[in-house]
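Structure below is data.tsv: TSV, C-alpha atoms and all ligand atoms.
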```
chain	number	residue	atom	x	y	z
A	25	MET	CA	-104.82	-43.56	102.29
A	26	ARG	CA	-107.61	-44.56	104.60
A	27	LEU	CA	-108.12	-47.07	107.40
A	28	GLN	CA	-109.28	-50.61	106.62
A	29	ARG	CA	-112.98	-51.23	107.04
A	30	THR	CA	-115.48	-53.97	107.72
A	31	LEU	CA	-119.19	-54.01	108.58
A	32	LYS	CA	-120.50	-52.90	111.97
A	33	GLN	CA	-122.81	-55.89	112.13
A	34	GLN	CA	-123.74	-58.89	110.03
A	35	VAL	CA	-126.37	-58.48	107.33
A	36	SER	CA	-127.95	-61.05	105.04
A	37	PHE	CA	-129.94	-61.29	101.84
A	38	GLU	CA	-131.37	-63.97	99.59
A	39	GLY	CA	-132.78	-64.49	96.14
A	40	ILE	CA	-132.34	-66.43	92.94
A	41	GLY	CA	-129.14	-66.73	90.92
A	42	LEU	CA	-129.13	-65.21	87.43
A	43	HIS	CA	-127.56	-68.25	85.81
A	44	THR	CA	-128.61	-71.20	88.00
A	45	GLY	CA	-132.13	-69.88	88.67
A	46	ARG	CA	-131.75	-71.36	92.16
A	47	ASN	CA	-132.35	-69.68	95.46
A	48	ALA	CA	-129.41	-68.85	97.74
A	49	ARG	CA	-128.93	-67.06	101.04
A	50	VAL	CA	-125.87	-64.94	101.77
A	51	CYS	CA	-124.67	-63.66	105.11
A	52	LEU	CA	-122.04	-60.87	105.27
A	53	LYS	CA	-120.07	-61.01	108.53
A	54	PRO	CA	-117.54	-58.53	109.93
A	55	ALA	CA	-113.92	-59.76	109.83
A	56	PRO	CA	-110.66	-58.62	111.49
A	57	ARG	CA	-108.19	-56.32	109.73
A	58	ASP	CA	-106.05	-57.88	106.98
A	59	THR	CA	-108.56	-60.72	106.42
A	60	GLY	CA	-109.54	-59.59	102.93
A	61	ILE	CA	-112.77	-60.82	101.38
A	62	ILE	CA	-113.42	-64.53	101.99
A	63	PHE	CA	-116.32	-66.50	100.50
A	64	MET	CA	-117.44	-69.58	102.45
A	65	ARG	CA	-119.70	-72.18	100.88
A	66	LYS	CA	-121.41	-73.45	103.97
A	67	ASP	CA	-122.88	-76.54	102.29
A	68	LYS	CA	-119.41	-77.66	101.13
A	69	ASP	CA	-117.43	-76.46	104.15
A	70	LEU	CA	-115.14	-74.55	101.80
A	71	ALA	CA	-113.46	-71.13	101.96
A	72	ILE	CA	-112.34	-69.27	98.82
A	73	LYS	CA	-110.47	-65.96	98.91
A	74	ALA	CA	-111.75	-63.28	96.55
A	75	SER	CA	-108.59	-63.31	94.48
A	76	ALA	CA	-107.76	-63.46	90.76
A	77	GLY	CA	-105.99	-66.78	91.39
A	78	TYR	CA	-109.30	-68.48	92.26
A	79	VAL	CA	-111.26	-67.39	89.20
A	80	THR	CA	-112.29	-70.52	87.32
A	81	ASP	CA	-114.69	-69.08	84.74
A	82	THR	CA	-115.47	-65.71	83.16
A	83	ALA	CA	-118.28	-66.63	80.74
A	84	PHE	CA	-121.24	-64.24	81.29
A	85	ALA	CA	-120.22	-63.79	84.96
A	86	THR	CA	-117.19	-64.17	87.21
A	87	THR	CA	-116.95	-67.51	89.01
A	88	LEU	CA	-114.63	-68.38	91.88
A	89	GLY	CA	-113.84	-72.01	92.55
A	90	TYR	CA	-111.66	-74.49	94.34
A	91	ASN	CA	-111.58	-78.29	94.23
A	92	GLY	CA	-114.64	-78.45	92.00
A	93	ALA	CA	-116.84	-76.27	94.25
A	94	LYS	CA	-117.93	-72.98	92.71
A	95	ILE	CA	-119.47	-69.66	93.64
A	96	ARG	CA	-120.90	-68.01	90.57
A	97	THR	CA	-121.67	-64.39	89.74
A	98	VAL	CA	-119.60	-62.75	92.47
A	99	GLU	CA	-118.95	-59.50	90.58
A	100	HIS	CA	-121.85	-57.29	91.72
A	101	LEU	CA	-121.31	-58.08	95.39
A	102	LEU	CA	-117.55	-57.53	95.01
A	103	ALA	CA	-118.17	-54.24	93.19
A	104	THR	CA	-120.40	-53.08	96.05
A	105	LEU	CA	-117.70	-53.87	98.60
A	106	ALA	CA	-115.04	-52.14	96.48
A	107	GLY	CA	-117.31	-49.17	95.82
A	108	LEU	CA	-118.10	-48.64	99.50
A	109	GLY	CA	-114.56	-49.44	100.66
A	110	ILE	CA	-115.24	-52.67	102.61
A	111	ASP	CA	-111.90	-54.51	102.86
A	112	ASN	CA	-112.46	-57.32	105.34
A	113	LEU	CA	-115.48	-59.58	105.28
A	114	ILE	CA	-116.60	-63.18	105.56
A	115	ILE	CA	-119.29	-63.96	102.99
A	116	GLU	CA	-121.20	-67.11	103.91
A	117	VAL	CA	-123.06	-68.52	100.92
A	118	TYR	CA	-125.79	-71.15	101.24
A	119	GLY	CA	-125.92	-72.12	97.57
A	120	SER	CA	-123.73	-71.95	94.47
A	121	GLU	CA	-124.47	-68.48	93.11
A	122	ILE	CA	-124.74	-64.99	94.59
A	123	PRO	CA	-128.37	-63.81	94.18
A	124	ILE	CA	-128.84	-61.38	91.29
A	125	LEU	CA	-131.47	-59.29	93.18
A	126	ASP	CA	-132.61	-56.57	90.74
A	127	GLY	CA	-129.53	-56.99	88.49
A	128	SER	CA	-127.73	-54.02	90.06
A	129	SER	CA	-125.93	-53.22	93.33
A	130	MET	CA	-128.65	-50.90	94.60
A	131	GLU	CA	-130.14	-53.23	97.23
A	132	LEU	CA	-126.71	-54.40	98.40
A	133	THR	CA	-125.55	-50.81	98.76
A	134	SER	CA	-128.54	-49.87	100.94
A	135	LEU	CA	-128.17	-53.05	102.98
A	136	ILE	CA	-124.54	-52.27	103.78
A	137	LEU	CA	-125.08	-48.57	104.43
A	138	LYS	CA	-128.03	-49.38	106.70
A	139	GLY	CA	-125.97	-51.94	108.65
A	140	GLY	CA	-123.07	-49.48	109.00
A	141	ILE	CA	-119.37	-49.49	108.14
A	142	ALA	CA	-116.71	-49.94	110.86
A	143	LYS	CA	-113.22	-48.43	110.57
A	144	GLN	CA	-110.36	-50.65	111.69
A	145	SER	CA	-107.00	-49.79	113.19
A	146	LYS	CA	-104.75	-50.29	110.18
A	147	LYS	CA	-104.19	-48.45	106.92
A	148	ARG	CA	-105.45	-49.96	103.69
A	149	PRO	CA	-102.55	-50.40	101.24
A	150	TYR	CA	-103.27	-49.30	97.65
A	151	ILE	CA	-101.44	-50.18	94.45
A	152	ARG	CA	-100.22	-46.99	92.79
A	153	ILE	CA	-99.68	-47.12	89.03
A	154	LEU	CA	-96.22	-45.76	88.14
A	155	HIS	CA	-96.07	-46.53	84.40
A	156	PRO	CA	-98.87	-47.29	81.92
A	157	ILE	CA	-99.90	-50.93	81.52
A	158	LEU	CA	-101.99	-51.82	78.46
A	159	LEU	CA	-103.74	-55.05	77.54
A	160	SER	CA	-105.23	-55.59	74.07
A	161	ASP	CA	-107.51	-58.59	73.78
A	162	GLY	CA	-109.14	-58.84	70.37
A	163	GLN	CA	-111.41	-55.79	70.11
A	164	ALA	CA	-111.20	-55.08	73.83
A	165	GLU	CA	-108.57	-53.00	75.61
A	166	ILE	CA	-107.82	-51.99	79.17
A	167	ALA	CA	-105.10	-49.67	80.42
A	168	ALA	CA	-103.99	-48.48	83.84
A	169	LEU	CA	-102.37	-45.05	83.81
A	170	PRO	CA	-100.63	-43.03	86.52
A	171	TYR	CA	-103.11	-40.58	88.03
A	172	ASN	CA	-103.37	-38.71	91.29
A	173	GLY	CA	-106.65	-40.29	92.41
A	174	ARG	CA	-108.94	-43.16	91.50
A	175	HIS	CA	-110.77	-42.91	88.19
A	176	ILE	CA	-112.41	-45.12	85.55
A	177	THR	CA	-113.16	-44.21	81.94
A	178	TYR	CA	-115.21	-46.76	80.01
A	179	ARG	CA	-116.41	-46.97	76.42
A	180	ILE	CA	-118.82	-49.56	75.07
A	181	HIS	CA	-119.91	-50.04	71.52
A	182	PHE	CA	-122.61	-52.43	70.34
A	183	ASN	CA	-124.06	-52.88	66.91
A	184	HIS	CA	-127.55	-51.95	68.10
A	185	ASP	CA	-129.78	-48.95	67.38
A	186	LEU	CA	-130.39	-48.01	71.01
A	187	LEU	CA	-127.08	-49.05	72.52
A	188	GLY	CA	-124.49	-47.91	69.98
A	189	GLU	CA	-121.66	-46.12	71.75
A	190	GLN	CA	-121.67	-44.97	75.37
A	191	ASN	CA	-118.81	-43.34	77.28
A	192	LEU	CA	-118.46	-42.48	80.94
A	193	SER	CA	-115.54	-41.12	82.92
A	194	ILE	CA	-115.99	-41.05	86.70
A	195	GLU	CA	-113.97	-40.47	89.87
A	196	LEU	CA	-114.26	-43.50	92.16
A	197	THR	CA	-115.68	-42.01	95.32
A	198	GLU	CA	-118.11	-43.84	97.57
A	199	GLU	CA	-120.81	-41.31	96.82
A	200	ASN	CA	-120.34	-41.64	93.06
A	201	PHE	CA	-120.54	-45.40	93.41
A	202	ALA	CA	-123.75	-45.34	95.45
A	203	VAL	CA	-125.51	-42.75	93.29
A	204	GLU	CA	-124.13	-43.14	89.76
A	205	ILE	CA	-123.01	-46.76	89.43
A	206	ALA	CA	-124.75	-49.05	91.96
A	207	PRO	CA	-128.29	-48.66	90.48
A	208	ALA	CA	-127.20	-49.66	86.93
A	209	ARG	CA	-128.59	-53.08	86.00
A	210	THR	CA	-127.15	-55.93	84.01
A	211	PHE	CA	-128.44	-56.26	80.45
A	212	GLY	CA	-128.86	-58.78	77.69
A	213	PHE	CA	-130.29	-59.16	74.20
A	214	LEU	CA	-133.53	-61.04	73.60
A	215	LYS	CA	-131.96	-62.78	70.59
A	216	ASP	CA	-129.35	-64.39	72.91
A	217	VAL	CA	-131.75	-65.58	75.61
A	218	GLU	CA	-132.63	-68.97	74.09
A	219	TYR	CA	-128.97	-69.78	73.39
A	220	LEU	CA	-127.96	-68.76	76.92
A	221	LYS	CA	-130.69	-70.83	78.58
A	222	ALA	CA	-129.89	-73.88	76.43
A	223	ASN	CA	-126.25	-73.63	77.56
A	224	GLY	CA	-126.89	-73.33	81.28
A	225	PHE	CA	-126.83	-69.53	81.56
A	226	ALA	CA	-129.48	-66.95	82.50
A	227	ARG	CA	-131.93	-69.59	83.81
A	228	GLY	CA	-133.04	-67.14	86.48
A	229	GLY	CA	-133.03	-64.16	84.11
A	230	SER	CA	-136.21	-62.05	83.84
A	231	PHE	CA	-137.44	-58.49	83.45
A	232	GLU	CA	-137.15	-58.30	87.25
A	233	ASN	CA	-133.35	-58.64	87.22
A	234	ALA	CA	-132.04	-57.53	83.83
A	235	ILE	CA	-132.61	-54.99	81.10
A	236	ILE	CA	-133.66	-56.98	78.04
A	237	LEU	CA	-133.07	-55.41	74.64
A	238	GLY	CA	-135.14	-56.33	71.61
A	239	GLU	CA	-134.53	-55.12	68.06
A	240	GLY	CA	-136.47	-51.92	68.68
A	241	GLY	CA	-135.25	-51.07	72.16
A	242	VAL	CA	-135.70	-51.84	75.86
A	243	LEU	CA	-138.46	-54.40	76.47
A	244	ASN	CA	-138.81	-53.77	80.23
A	245	GLY	CA	-141.98	-51.83	80.87
A	246	SER	CA	-140.27	-49.63	83.46
A	247	GLY	CA	-137.60	-48.37	80.99
A	248	LEU	CA	-134.08	-47.34	81.99
A	249	ARG	CA	-132.75	-45.86	85.23
A	250	PHE	CA	-130.15	-43.82	83.32
A	251	LYS	CA	-129.90	-43.10	79.62
A	252	ASP	CA	-126.40	-44.61	79.73
A	253	GLU	CA	-127.26	-47.38	82.21
A	254	PHE	CA	-125.34	-49.92	80.07
A	255	VAL	CA	-121.90	-48.31	80.36
A	256	ARG	CA	-122.55	-47.66	84.05
A	257	HIS	CA	-123.20	-51.37	84.58
A	258	LYS	CA	-120.02	-52.25	82.71
A	259	ILE	CA	-118.12	-50.02	85.16
A	260	LEU	CA	-119.84	-51.88	88.03
A	261	ASP	CA	-118.68	-55.22	86.59
A	262	LEU	CA	-115.15	-53.91	86.07
A	263	MET	CA	-114.97	-52.63	89.66
A	264	GLY	CA	-115.96	-56.09	90.93
A	265	ASP	CA	-113.39	-57.84	88.75
A	266	LEU	CA	-110.58	-55.39	89.58
A	267	SER	CA	-111.19	-55.93	93.29
A	268	LEU	CA	-109.90	-59.49	92.79
A	269	LEU	CA	-106.45	-57.89	92.76
A	270	GLY	CA	-106.82	-57.66	96.55
A	271	TYR	CA	-105.80	-53.97	96.65
A	272	PRO	CA	-107.55	-50.85	95.37
A	273	ILE	CA	-105.79	-49.33	92.36
A	274	TYR	CA	-104.63	-45.74	92.72
A	275	GLY	CA	-104.60	-44.56	89.11
A	276	HIS	CA	-106.79	-44.16	86.04
A	277	ILE	CA	-108.32	-47.27	84.44
A	278	VAL	CA	-109.38	-46.86	80.83
A	279	ALA	CA	-111.47	-49.68	79.33
A	280	ASN	CA	-112.81	-50.15	75.83
A	281	LYS	CA	-115.39	-52.89	75.09
A	282	SER	CA	-114.06	-55.02	77.90
A	283	GLY	CA	-115.78	-57.87	79.75
A	284	HIS	CA	-115.02	-60.36	82.53
A	285	THR	CA	-112.52	-62.39	80.48
A	286	THR	CA	-110.47	-59.33	79.45
A	287	ASN	CA	-110.73	-57.83	82.93
A	288	LEU	CA	-109.14	-60.92	84.45
A	289	LYS	CA	-106.43	-61.11	81.79
A	290	PHE	CA	-105.62	-57.50	82.59
A	291	LEU	CA	-105.26	-58.26	86.31
A	292	LYS	CA	-102.86	-61.09	85.53
A	293	LYS	CA	-100.79	-58.78	83.32
A	294	LEU	CA	-100.69	-56.14	86.04
A	295	LEU	CA	-99.54	-58.71	88.60
A	296	ALA	CA	-96.87	-59.93	86.18
A	297	HIS	CA	-95.41	-56.41	85.86
A	298	PRO	CA	-94.64	-55.20	89.39
A	299	GLU	CA	-92.11	-52.73	87.96
A	300	ASN	CA	-95.10	-50.67	86.74
A	301	TRP	CA	-96.64	-50.14	90.19
A	302	GLU	CA	-95.82	-49.90	93.87
A	303	PHE	CA	-97.58	-50.33	97.16
A	304	MET	CA	-98.34	-46.91	98.56
A	305	ALA	CA	-96.29	-46.50	101.74
A	306	GLU	CA	-98.17	-46.62	104.99
A	307	ALA	CA	-98.40	-43.31	106.75
A	308	ASN	CA	-97.74	-43.15	110.51
A	309	HIS	CA	-100.70	-44.32	112.43
A	310	VAL	CA	-101.64	-44.75	116.05
A	311	GLU	CA	-102.67	-48.21	117.16
A	312	THR	CA	-106.32	-48.14	118.20
A	313	PRO	CA	-108.67	-51.02	118.99
A	314	ALA	CA	-110.27	-52.82	116.07
A	315	TYR	CA	-113.90	-52.08	115.21
A	316	ILE	CA	-113.93	-48.46	116.30
B	1	ZN	ZN	-122.90	-57.40	85.76
```

Take the structure from the file and write it as structure tokens.
Ligand SMILES: [Zn+2]
Amino acid sequence: MRLQRTLKQQVSFEGIGLHTGRNARVCLKPAPRDTGIIFMRKDKDLAIKASAGYVTDTAFATTLGYNGAKIRTVEHLLATLAGLGIDNLIIEVYGSEIPILDGSSMELTSLILKGGIAKQSKKRPYIRILHPILLSDGQAEIAALPYNGRHITYRIHFNHDLLGEQNLSIELTEENFAVEIAPARTFGFLKDVEYLKANGFARGGSFENAIILGEGGVLNGSGLRFKDEFVRHKILDLMGDLSLLGYPIYGHIVANKSGHTTNLKFLKKLLAHPENWEFMAEANHVETPAYI
């Protein structure tokens, strides 16, 4: 196990939301140990913990909400924090949706690494999987298996000439996240765009922030960043959703055709079966000042 971490200094970014199409500014501020990840909607004077219990919607993005106020599309920011091991943070949001940036976590990853990560004086508890937990949800499945490390295996399958089946199995290290997962962009099908826009989704969507697939292939002039960019992005989404557990999972997550809705159902099942996991015991540690 490692020490808890926050940022060395505050950093901010802004841009349009994928679904609302509206501009928002976000400020990431260091927080004391054991704070967790807290979103604050500054315009509504509201704080919402990044926790499965506050998820109000999982259609085409993960939305947190409380008392009618929402923060949409939190998953890429949460995945970045999980991927880089940031445990404690205040996220001030001036708007209702986290900016989509280029559709990946690449800019957020560089922003955080440039600002610096601060170790804190307390161990980060993990949840260790003791017995397999499986959720089947229509055609989608997710399982957590005992494993001596942190690993994700993901399979996607779409009825599309270019997409078809993609598989990736990857150890969850910070380096793997930054290099192999963070640059993978969100994607959508051209045939769905009109429907999505008519129903209040993807109003800020463009070639600048998503891979758009037509019948014949990728429509973005710049092409793909990885041949299997799609499955990599699905791992990014899953990492963001799983972080809503509040503790990193020590084990092997295997997902098949999953999405935000199934990811959240899986978290609820895991929480409902504490006999299948345990908190990893804290090792001895010496008390040192916070923000070393
Ligand atoms: Zn995504």

Kindly compile the residues surrounding ligand ZN 1 (chain B) within 12 Å, counting all atoms listed in the file, and format them as a PDB file with C-alpha atoms, in the frame of the given file.
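The file below, out-v4.pdb, is the result:
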```
ATOM      1  CA  LEU A  42    -129.130 -65.210  87.430  1.00  0.00           C
ATOM      2  CA  HIS A  43    -127.560 -68.250  85.810  1.00  0.00           C
ATOM      3  CA  THR A  82    -115.470 -65.710  83.160  1.00  0.00           C
ATOM      4  CA  ALA A  83    -118.280 -66.630  80.740  1.00  0.00           C
ATOM      5  CA  PHE A  84    -121.240 -64.240  81.290  1.00  0.00           C
ATOM      6  CA  ALA A  85    -120.220 -63.790  84.960  1.00  0.00           C
ATOM      7  CA  THR A  86    -117.190 -64.170  87.210  1.00  0.00           C
ATOM      8  CA  ARG A  96    -120.900 -68.010  90.570  1.00  0.00           C
ATOM      9  CA  THR A  97    -121.670 -64.390  89.740  1.00  0.00           C
ATOM     10  CA  VAL A  98    -119.600 -62.750  92.470  1.00  0.00           C
ATOM     11  CA  GLU A  99    -118.950 -59.500  90.580  1.00  0.00           C
ATOM     12  CA  HIS A 100    -121.850 -57.290  91.720  1.00  0.00           C
ATOM     13  CA  LEU A 101    -121.310 -58.080  95.390  1.00  0.00           C
ATOM     14  CA  LEU A 102    -117.550 -57.530  95.010  1.00  0.00           C
ATOM     15  CA  ALA A 103    -118.170 -54.240  93.190  1.00  0.00           C
ATOM     16  CA  THR A 104    -120.400 -53.080  96.050  1.00  0.00           C
ATOM     17  CA  ILE A 122    -124.740 -64.990  94.590  1.00  0.00           C
ATOM     18  CA  PRO A 123    -128.370 -63.810  94.180  1.00  0.00           C
ATOM     19  CA  ILE A 124    -128.840 -61.380  91.290  1.00  0.00           C
ATOM     20  CA  LEU A 125    -131.470 -59.290  93.180  1.00  0.00           C
ATOM     21  CA  ASP A 126    -132.610 -56.570  90.740  1.00  0.00           C
ATOM     22  CA  GLY A 127    -129.530 -56.990  88.490  1.00  0.00           C
ATOM     23  CA  SER A 128    -127.730 -54.020  90.060  1.00  0.00           C
ATOM     24  CA  SER A 129    -125.930 -53.220  93.330  1.00  0.00           C
ATOM     25  CA  ILE A 205    -123.010 -46.760  89.430  1.00  0.00           C
ATOM     26  CA  ALA A 206    -124.750 -49.050  91.960  1.00  0.00           C
ATOM     27  CA  PRO A 207    -128.290 -48.660  90.480  1.00  0.00           C
ATOM     28  CA  ALA A 208    -127.200 -49.660  86.930  1.00  0.00           C
ATOM     29  CA  ARG A 209    -128.590 -53.080  86.000  1.00  0.00           C
ATOM     30  CA  THR A 210    -127.150 -55.930  84.010  1.00  0.00           C
ATOM     31  CA  PHE A 211    -128.440 -56.260  80.450  1.00  0.00           C
ATOM     32  CA  GLY A 212    -128.860 -58.780  77.690  1.00  0.00           C
ATOM     33  CA  ASN A 233    -133.350 -58.640  87.220  1.00  0.00           C
ATOM     34  CA  ALA A 234    -132.040 -57.530  83.830  1.00  0.00           C
ATOM     35  CA  ILE A 235    -132.610 -54.990  81.100  1.00  0.00           C
ATOM     36  CA  GLU A 253    -127.260 -47.380  82.210  1.00  0.00           C
ATOM     37  CA  PHE A 254    -125.340 -49.920  80.070  1.00  0.00           C
ATOM     38  CA  VAL A 255    -121.900 -48.310  80.360  1.00  0.00           C
ATOM     39  CA  ARG A 256    -122.550 -47.660  84.050  1.00  0.00           C
ATOM     40  CA  HIS A 257    -123.200 -51.370  84.580  1.00  0.00           C
ATOM     41  CA  LYS A 258    -120.020 -52.250  82.710  1.00  0.00           C
ATOM     42  CA  ILE A 259    -118.120 -50.020  85.160  1.00  0.00           C
ATOM     43  CA  LEU A 260    -119.840 -51.880  88.030  1.00  0.00           C
ATOM     44  CA  ASP A 261    -118.680 -55.220  86.590  1.00  0.00           C
ATOM     45  CA  LEU A 262    -115.150 -53.910  86.070  1.00  0.00           C
ATOM     46  CA  MET A 263    -114.970 -52.630  89.660  1.00  0.00           C
ATOM     47  CA  GLY A 264    -115.960 -56.090  90.930  1.00  0.00           C
ATOM     48  CA  ASP A 265    -113.390 -57.840  88.750  1.00  0.00           C
ATOM     49  CA  GLY A 283    -115.780 -57.870  79.750  1.00  0.00           C
ATOM     50  CA  HIS A 284    -115.020 -60.360  82.530  1.00  0.00           C
TER      51      HIS A 284
END
```

Could you please give me, as an NGL selection string, the residues of protein, DNA or RNA lying at most 6 Å from (-110.1, -59.6, 96.4) in the coordinate frame of the file, considering all atoms listed in the file? :A and (61 or 74-75 or 267-270)

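Each of A:Val117, A:Leu159, A:Met130, A:Ile62 was checked against Leu288 of chain A using only C-alpha atoms; the smallest atom-to-atom distance is that of A:Leu159.
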
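Separating atom CA of His297 of chain A from atom CA of Val278 of chain A is a distance of 17.7 Å.
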
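For the pair atom CA of Tyr118 of chain A and atom CA of Thr30 of chain A, the interatomic distance is 21.1 Å.
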
Could you tell me how far atom CA of Lys143 of chain A lies from atom CA of Leu27 of chain A, in Å and to one decimal? 6.2 Å

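Ranking A:Ile194, A:Ile115, A:Leu169, A:Ile151 by their shortest atom-to-atom distance to Met25 of chain A, with only C-alpha atoms included, puts A:Ile151 first.
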
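For the residues A:Ser120, A:Thr44, A:Ser230, A:Gln33, ranking by smallest atom-to-atom distance to Leu135 of chain A using only C-alpha atoms places A:Gln33 first.
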
If you take every atom of segment 212-222 of chain A that the file lists and fit an axis-aligned box around them with 6 Å extra on each side, what centre and edge lengths come out in Å to one decimal, as lines of an AutoDock Vina configuration file?
```
center_x = -130.7
center_y = -66.3
center_z = 74.6
size_x = 17.6
size_y = 27.1
size_z = 20.0
```

Could you give me, as a list in words, the residues that sit within 9 Å of (-109.2, -50.0, 82.4) in the file's coordinates, counting only C-alpha atoms? Leu158, Leu159, Glu165, Ile166, Ala167, Ala168, Leu169, Ile176, Thr177, Tyr178, Leu262, His276, Ile277, Val278, Ala279, Asn280, Ser282, Asn287 and Phe290 of chain A
